[in-house]
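Asker: My structure is in final_3.cif, and what it holds is mmCIF, C-alpha atoms:
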data_work
loop_
_atom_site.group_PDB
_atom_site.id
_atom_site.type_symbol
_atom_site.label_atom_id
_atom_site.label_comp_id
_atom_site.auth_asym_id
_atom_site.auth_seq_id
_atom_site.Cartn_x
_atom_site.Cartn_y
_atom_site.Cartn_z
ATOM 1 C CA GLY C 1195 -11.514 -21.082 2.755
ATOM 2 C CA ARG C 1196 -11.439 -19.838 6.335
ATOM 3 C CA LEU C 1197 -14.270 -17.418 5.617
ATOM 4 C CA ILE C 1198 -16.410 -20.215 4.140
ATOM 5 C CA GLY C 1199 -15.497 -22.525 6.985
ATOM 6 C CA LEU C 1200 -16.518 -19.990 9.604
ATOM 7 C CA THR C 1201 -19.927 -19.411 8.062
ATOM 8 C CA ASN C 1202 -20.793 -22.945 6.932
ATOM 9 C CA GLY C 1203 -18.523 -25.205 8.943
ATOM 10 C CA THR C 1204 -21.067 -26.049 11.627
ATOM 11 C CA GLY C 1205 -24.346 -27.881 11.340
ATOM 12 C CA GLY C 1206 -26.533 -25.406 13.234
ATOM 13 C CA LEU C 1207 -27.465 -21.763 12.829
ATOM 14 C CA GLU C 1208 -26.879 -20.594 16.405
ATOM 15 C CA HIS C 1209 -23.482 -19.079 15.556
ATOM 16 C CA ILE C 1210 -25.068 -16.838 12.913
ATOM 17 C CA GLU C 1211 -27.035 -15.051 15.642
ATOM 18 C CA ASN C 1212 -23.972 -14.615 17.859
ATOM 19 C CA PRO C 1213 -22.874 -10.922 17.824
ATOM 20 C CA ALA C 1214 -19.255 -11.868 18.609
ATOM 21 C CA PHE C 1215 -19.205 -14.201 15.612
ATOM 22 C CA ALA C 1216 -20.710 -11.510 13.362
ATOM 23 C CA ASP C 1217 -18.094 -8.980 14.528
ATOM 24 C CA ALA C 1218 -15.284 -11.460 13.828
ATOM 25 C CA LEU C 1219 -16.711 -12.153 10.373
ATOM 26 C CA VAL C 1220 -16.859 -8.446 9.499
ATOM 27 C CA GLN C 1221 -13.288 -7.947 10.657
ATOM 28 C CA LEU C 1222 -12.085 -10.994 8.715
ATOM 29 C CA ARG C 1223 -13.681 -9.722 5.507
ATOM 30 C CA GLN C 1224 -11.905 -6.402 5.950
ATOM 31 C CA GLU C 1225 -8.545 -8.089 6.565
ATOM 32 C CA MET C 1226 -8.685 -10.665 3.740
ATOM 33 C CA GLN C 1227 -7.158 -8.337 1.152
ATOM 34 C CA ARG C 1228 -4.147 -7.750 3.404
ATOM 35 C CA ILE C 1229 -3.027 -11.369 3.204
ATOM 36 C CA GLY C 1230 -1.839 -10.927 -0.392
ATOM 37 C CA GLU C 1231 -0.213 -7.634 0.551
ATOM 38 C CA GLY C 1232 1.790 -9.485 3.202
ATOM 39 C CA LEU C 1233 3.764 -11.428 0.568
ATOM 40 C CA GLN C 1234 4.677 -8.203 -1.202
ATOM 41 C CA ALA C 1235 5.790 -6.763 2.130
ATOM 42 C CA VAL C 1236 8.073 -9.782 2.747
ATOM 43 C CA LEU C 1237 9.782 -9.310 -0.626
ATOM 44 C CA ALA C 1238 10.143 -5.566 -0.131
ATOM 45 C CA GLY C 1239 11.463 -6.152 3.389
ATOM 46 C CA SER C 1240 14.154 -8.535 2.125
ATOM 47 C CA SER C 1241 15.361 -5.952 -0.386
ATOM 48 C CA LEU C 1242 15.310 -3.272 2.293
ATOM 49 C CA ALA C 1243 17.389 -5.438 4.652
ATOM 50 C CA VAL C 1244 20.127 -5.791 2.013
ATOM 51 C CA SER C 1245 20.083 -2.048 1.399
ATOM 52 C CA MET C 1246 20.367 -1.288 5.122
ATOM 53 C CA THR C 1247 23.315 -3.693 5.436
ATOM 54 C CA VAL C 1248 25.203 -1.872 2.662
ATOM 55 C CA THR C 1249 24.432 1.461 4.297
ATOM 56 C CA GLY C 1250 25.761 0.168 7.615
ATOM 57 C CA VAL C 1251 29.047 -0.897 6.024
ATOM 58 C CA LEU C 1252 29.490 2.552 4.482
ATOM 59 C CA LEU C 1253 28.695 4.267 7.781
ATOM 60 C CA ALA C 1254 31.356 2.190 9.533
ATOM 61 C CA SER C 1255 33.905 3.176 6.896
ATOM 62 C CA VAL C 1256 33.348 6.859 7.711
ATOM 63 C CA GLU C 1257 33.017 6.605 11.497
ATOM 64 C CA PRO C 1258 32.353 3.354 13.392
ATOM 65 C CA LEU C 1259 30.278 5.194 15.999
ATOM 66 C CA LEU C 1260 27.782 6.059 13.254
ATOM 67 C CA LEU C 1261 26.639 2.441 13.415
ATOM 68 C CA VAL C 1262 24.636 3.609 16.422
ATOM 69 C CA LEU C 1263 22.243 5.305 13.968
ATOM 70 C CA PRO C 1264 20.550 2.065 12.848
ATOM 71 C CA VAL C 1265 20.286 1.072 16.530
ATOM 72 C CA LEU C 1266 18.597 4.389 17.290
ATOM 73 C CA ALA C 1267 16.090 3.467 14.600
ATOM 74 C CA LEU C 1268 14.818 0.589 16.768
ATOM 75 C CA PRO C 1269 12.489 2.853 18.794
ATOM 76 C CA SER C 1270 10.827 3.828 15.505
ATOM 77 C CA LEU C 1271 10.325 0.165 14.637
ATOM 78 C CA TYR C 1272 8.923 -0.564 18.099
ATOM 79 C CA ALA C 1273 6.667 2.458 17.748
ATOM 80 C CA ALA C 1274 5.471 1.036 14.421
ATOM 81 C CA ARG C 1275 4.454 -2.188 16.160
ATOM 82 C CA ARG C 1276 2.598 -0.212 18.809
ATOM 83 C CA VAL C 1277 0.871 1.867 16.136
ATOM 84 C CA ALA C 1278 -0.308 -1.269 14.330
ATOM 85 C CA ALA C 1279 -1.531 -2.804 17.595
ATOM 86 C CA ILE C 1280 -3.397 0.357 18.603
ATOM 87 C CA LEU C 1281 -5.136 0.713 15.235
ATOM 88 C CA ASP C 1282 -5.973 -2.999 15.064
ATOM 89 C CA GLU C 1283 -7.517 -2.820 18.523
ATOM 90 C CA ALA C 1284 -9.586 0.195 17.480
ATOM 91 C CA ARG C 1285 -10.809 -1.597 14.346
ATOM 92 C CA GLU C 1286 -11.703 -4.650 16.402
ATOM 93 C CA ARG C 1287 -13.677 -2.542 18.864
ATOM 94 C CA ASN C 1288 -15.367 -0.849 15.899
ATOM 95 C CA SER C 1289 -16.545 -4.165 14.439
ATOM 96 C CA ALA C 1290 -20.021 -3.959 15.989
ATOM 97 C CA ASP C 1291 -20.532 -0.361 14.812
ATOM 98 C CA THR C 1292 -19.162 -1.228 11.369
ATOM 99 C CA ARG C 1293 -21.605 -4.106 11.119
ATOM 100 C CA ALA C 1294 -24.438 -1.799 12.230
ATOM 101 C CA ASN C 1295 -23.428 0.785 9.622
ATOM 102 C CA LEU C 1296 -23.408 -1.794 6.828
ATOM 103 C CA HIS C 1297 -26.736 -3.229 7.957
ATOM 104 C CA THR C 1298 -28.533 0.123 8.158
ATOM 105 C CA LEU C 1299 -27.013 1.150 4.818
ATOM 106 C CA ARG C 1300 -28.443 -1.984 3.173
ATOM 107 C CA LEU C 1301 -31.822 -1.336 4.770
ATOM 108 C CA ALA C 1302 -31.891 2.233 3.529
ATOM 109 C CA THR C 1303 -30.655 1.556 -0.005
ATOM 110 C CA THR C 1304 -32.376 -1.720 -0.888
ATOM 111 C CA ALA C 1305 -35.598 -1.103 -2.787
ATOM 112 C CA ALA C 1306 -37.815 -3.519 -0.861
ATOM 113 C CA THR C 1307 -36.729 -2.499 2.624
ATOM 114 C CA ALA C 1308 -36.538 1.200 1.735
ATOM 115 C CA LYS C 1309 -40.253 1.106 0.795
ATOM 116 C CA GLU C 1310 -41.098 -0.526 4.121
ATOM 117 C CA LEU C 1311 -39.068 2.062 6.032
ATOM 118 C CA ARG C 1312 -40.957 4.887 4.338
ATOM 119 C CA THR C 1313 -44.295 3.177 4.861
ATOM 120 C CA LEU C 1314 -43.611 2.600 8.567
ATOM 121 C CA ARG C 1315 -41.968 6.029 8.900
ATOM 122 C CA LEU C 1316 -38.761 4.503 10.218
ATOM 123 C CA ALA C 1317 -36.354 6.194 7.794
ATOM 124 C CA GLY C 1318 -35.449 8.869 10.338
ATOM 125 C CA HIS C 1319 -34.822 6.250 13.016
ATOM 126 C CA ILE C 1320 -32.524 4.272 10.718
ATOM 127 C CA ARG C 1321 -30.601 7.420 9.779
ATOM 128 C CA SER C 1322 -30.245 8.305 13.452
ATOM 129 C CA ARG C 1323 -28.942 4.825 14.330
ATOM 130 C CA ARG C 1324 -26.440 4.929 11.495
ATOM 131 C CA ARG C 1325 -25.274 8.416 12.428
ATOM 132 C CA THR C 1326 -24.807 7.416 16.072
ATOM 133 C CA ALA C 1327 -22.815 4.298 15.180
ATOM 134 C CA TRP C 1328 -20.722 6.243 12.653
ATOM 135 C CA GLU C 1329 -19.890 9.046 15.092
ATOM 136 C CA ARG C 1330 -19.034 6.595 17.869
ATOM 137 C CA SER C 1331 -16.706 4.570 15.657
ATOM 138 C CA SER C 1332 -15.136 7.750 14.230
ATOM 139 C CA ARG C 1333 -14.381 9.097 17.711
ATOM 140 C CA ARG C 1334 -12.864 5.780 18.751
ATOM 141 C CA LEU C 1335 -10.684 5.642 15.643
ATOM 142 C CA ALA C 1336 -9.642 9.292 16.030
ATOM 143 C CA ARG C 1337 -8.448 8.631 19.601
ATOM 144 C CA ALA C 1338 -6.507 5.597 18.390
ATOM 145 C CA GLN C 1339 -4.909 7.611 15.588
ATOM 146 C CA LEU C 1340 -3.860 10.302 18.067
ATOM 147 C CA ARG C 1341 -2.177 7.721 20.302
ATOM 148 C CA ALA C 1342 -0.522 6.195 17.238
ATOM 149 C CA ALA C 1343 0.759 9.616 16.127
ATOM 150 C CA LEU C 1344 2.318 10.213 19.559
ATOM 151 C CA TRP C 1345 4.149 6.870 19.350
ATOM 152 C CA GLN C 1346 5.436 7.739 15.871
ATOM 153 C CA ILE C 1347 6.620 11.174 16.991
ATOM 154 C CA GLY C 1348 8.444 9.647 19.946
ATOM 155 C CA GLY C 1349 10.247 7.088 17.794
ATOM 156 C CA GLN C 1350 11.263 9.640 15.184
ATOM 157 C CA THR C 1351 12.480 12.082 17.859
ATOM 158 C CA VAL C 1352 14.963 9.523 19.194
ATOM 159 C CA PHE C 1353 16.379 8.971 15.724
ATOM 160 C CA ALA C 1354 16.502 12.711 14.980
ATOM 161 C CA CYS C 1355 18.632 13.280 18.092
ATOM 162 C CA GLY C 1356 21.004 10.505 17.004
ATOM 163 C CA TYR C 1357 21.111 11.963 13.484
ATOM 164 C CA ALA C 1358 22.171 15.386 14.792
ATOM 165 C CA GLY C 1359 24.691 13.871 17.200
ATOM 166 C CA GLY C 1360 26.281 11.748 14.467
ATOM 167 C CA LEU C 1361 26.765 14.719 12.180
ATOM 168 C CA LEU C 1362 28.319 16.747 15.004
ATOM 169 C CA LEU C 1363 30.696 13.870 15.705
ATOM 170 C CA VAL C 1364 31.882 13.693 12.098
ATOM 171 C CA MET C 1365 32.239 17.482 11.897
ATOM 172 C CA ARG C 1366 34.370 17.502 15.036
ATOM 173 C CA THR C 1367 36.570 14.778 13.547
ATOM 174 C CA VAL C 1368 37.056 16.864 10.412
ATOM 175 C CA ILE C 1369 37.839 20.000 12.440
ATOM 176 C CA ASN C 1370 40.496 18.045 14.332
ATOM 177 C CA GLY C 1371 42.115 17.144 11.015
ATOM 178 C CA HIS C 1372 41.194 13.459 10.989
ATOM 179 C CA GLY C 1373 38.701 13.630 8.148
ATOM 180 C CA THR C 1374 37.644 15.510 5.038
ATOM 181 C CA VAL C 1375 34.669 17.519 3.939
ATOM 182 C CA GLY C 1376 33.748 14.540 1.788
ATOM 183 C CA ASP C 1377 33.292 12.507 4.980
ATOM 184 C CA VAL C 1378 30.791 15.048 6.243
ATOM 185 C CA VAL C 1379 28.877 15.013 2.965
ATOM 186 C CA LEU C 1380 28.890 11.214 2.859
ATOM 187 C CA SER C 1381 27.701 11.065 6.471
ATOM 188 C CA ILE C 1382 24.825 13.424 5.698
ATOM 189 C CA VAL C 1383 23.808 11.335 2.686
ATOM 190 C CA LEU C 1384 24.071 8.030 4.561
ATOM 191 C CA ALA C 1385 22.241 9.323 7.641
ATOM 192 C CA ALA C 1386 19.452 10.604 5.416
ATOM 193 C CA GLN C 1387 19.393 7.225 3.693
ATOM 194 C CA VAL C 1388 19.064 5.461 7.048
ATOM 195 C CA ASN C 1389 16.151 7.752 7.879
ATOM 196 C CA GLN C 1390 14.486 6.905 4.555
ATOM 197 C CA GLN C 1391 15.067 3.207 5.097
ATOM 198 C CA VAL C 1392 13.546 3.377 8.559
ATOM 199 C CA GLY C 1393 10.628 5.307 7.107
ATOM 200 C CA ALA C 1394 10.141 2.518 4.570
ATOM 201 C CA ALA C 1395 10.556 -0.200 7.195
ATOM 202 C CA VAL C 1396 7.849 1.228 9.464
ATOM 203 C CA PRO C 1397 4.868 0.738 7.078
ATOM 204 C CA LEU C 1398 6.291 -2.610 5.967
ATOM 205 C CA LEU C 1399 6.381 -3.790 9.568
ATOM 206 C CA GLN C 1400 2.837 -2.533 10.146
ATOM 207 C CA GLN C 1401 1.665 -4.304 6.999
ATOM 208 C CA LEU C 1402 3.340 -7.561 8.009
ATOM 209 C CA GLN C 1403 1.786 -7.361 11.449
ATOM 210 C CA ARG C 1404 -1.692 -6.746 10.023
ATOM 211 C CA SER C 1405 -1.247 -9.566 7.516
ATOM 212 C CA GLY C 1406 -0.103 -11.910 10.267
ATOM 213 C CA ARG C 1407 -3.212 -11.150 12.286
ATOM 214 C CA ALA C 1408 -5.407 -11.579 9.213
#
Could you express the structure from this file as structure tokens?
Answerer:
Amino acid sequence: GRLIGLTNGTGGLEHIENPAFADALVQLRQEMQRIGEGLQAVLAGSSLAVSMTVTGVLLASVEPLLLVLPVLALPSLYAARRVAAILDEARERNSADTRANLHTLRLATTAATAKELRTLRLAGHIRSRRRTAWERSSRRLARAQLRAALWQIGGQTVFACGYAGGLLLVMRTVINGHGTVGDVVLSIVLAAQVNQQVGAAVPLLQQLQRSGRA
């Protein structure tokens, strides 16, 4: 409905020639499929929240200080938001090049226009324009993905340090005679489970953020 409204909701044709409008339309078409995925992400997120609550209760039963582990997962979640924002910004900036790529592809692969391009000897020019737009958008996206990877590494590093510290804490408790080997094993399993849950929460959060913007 929004897509139809954007294209046909006004009486004139001036907006069709507006590059900013065309870029927004291309981006909206690419994001439409993510709206349905957002509902699935909400359901999966609810189930994950229950699972993380149970894990937290078990961690507290072994060592209350281990409840810091889920808190140390917050940098990973913040990093996930930054990753989604960085990639969305890159896609938005790539809208013009994406539109140019689609347009030149249609020109080169549609029978009528392809004949005209060959007749006017413009096929090489069209290929050159498409290659330039493709390389520019690829470089922009590659830089965004590098920045996103650095954010992800930073968030995971914070949790990894907390993971190692938590295990050392439980091992010291056992050495001092206030715990059992089973506590260490349970701590390892639960800490790994927290890591898996955070790993599952990160793409869910990114998906929800993309769906919200769509």
Asker: Could you tell me how far atom CA of Leu1311 of chain C sits from atom CA of Arg1287 of chain C, in Å to one decimal place?
Answerer: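 Here the two named atoms are 28.8 Å from each other.
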Asker: Which is closest to Leu1380 of chain C among C:Thr1307, C:Arg1285, C:Leu1361, C:Ser1240, if we use only C-alpha atoms?
Answerer: C:Leu1361
Asker: For Arg1324 of chain C, list every protein, DNA or RNA residue within 9 Å, evaluated using only C-alpha atoms, and leave out those in the same chain fewer than 4 positions away; present the list as a VMD selection string.
Answerer: chain C and resid 1291 1294 to 1299 1319 to 1320 1328 to 1329
Asker: One decimal, Å: what's the distance from atom CA of Ala1235 of chain C over to atom CA of Val1396 of chain C, could you say?
Answerer: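 Distance reported for this atom pair: 11.0 Å.
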Asker: Neighbouring residues of Ile1347 of chain C were defined as those with any atom within 9 Å, considering only C-alpha atoms; residues of the same chain fewer than 4 positions away were excluded. Please report them as an NGL selection string.
Answerer: :C and (1270 or 1273 or 1342-1343 or 1351-1352)
Asker: What's the separation between atom CA of Gly1356 of chain C and atom CA of Leu1268 of chain C, in Å to one decimal place?
Answerer: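 The value is 11.7 Å.
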Asker: What box, with edges along x, y and z, holds each listed atom of segment 1394-1399 of chain C when 3 Å is added on every side, and can you state its centre and edge lengths in Å to one decimal, as JSON?
Answerer:
{"center_x": 7.7, "center_y": -0.6, "center_z": 7.1, "size_x": 11.7, "size_y": 12.3, "size_z": 11.0}
Asker: So which residues are close to (8.4, 0.1, 16.0), meaning at most 12 Å away in the file's coordinates with all atoms listed in the file counted, and can you show them as a ChimeraX atom specification?
Answerer: /C:1265-1279,1342,1345-1350,1352-1353,1392-1400,1403
Asker: Which residue is closest to Leu1362 of chain C? Choose from C:Val1378, C:Leu1242, C:Leu1314, C:Leu1335 and count all atoms listed in the file.
Answerer: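 Distance minimum relative to Leu1362 of chain C lands on C:Val1378.
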Asker: Return the single residue from C:Leu1281, C:Ala1302, C:Val1256, C:Val1248 that is closest to Gly1318 of chain C, with distances computed using all atoms listed in the file.
Answerer: C:Ala1302
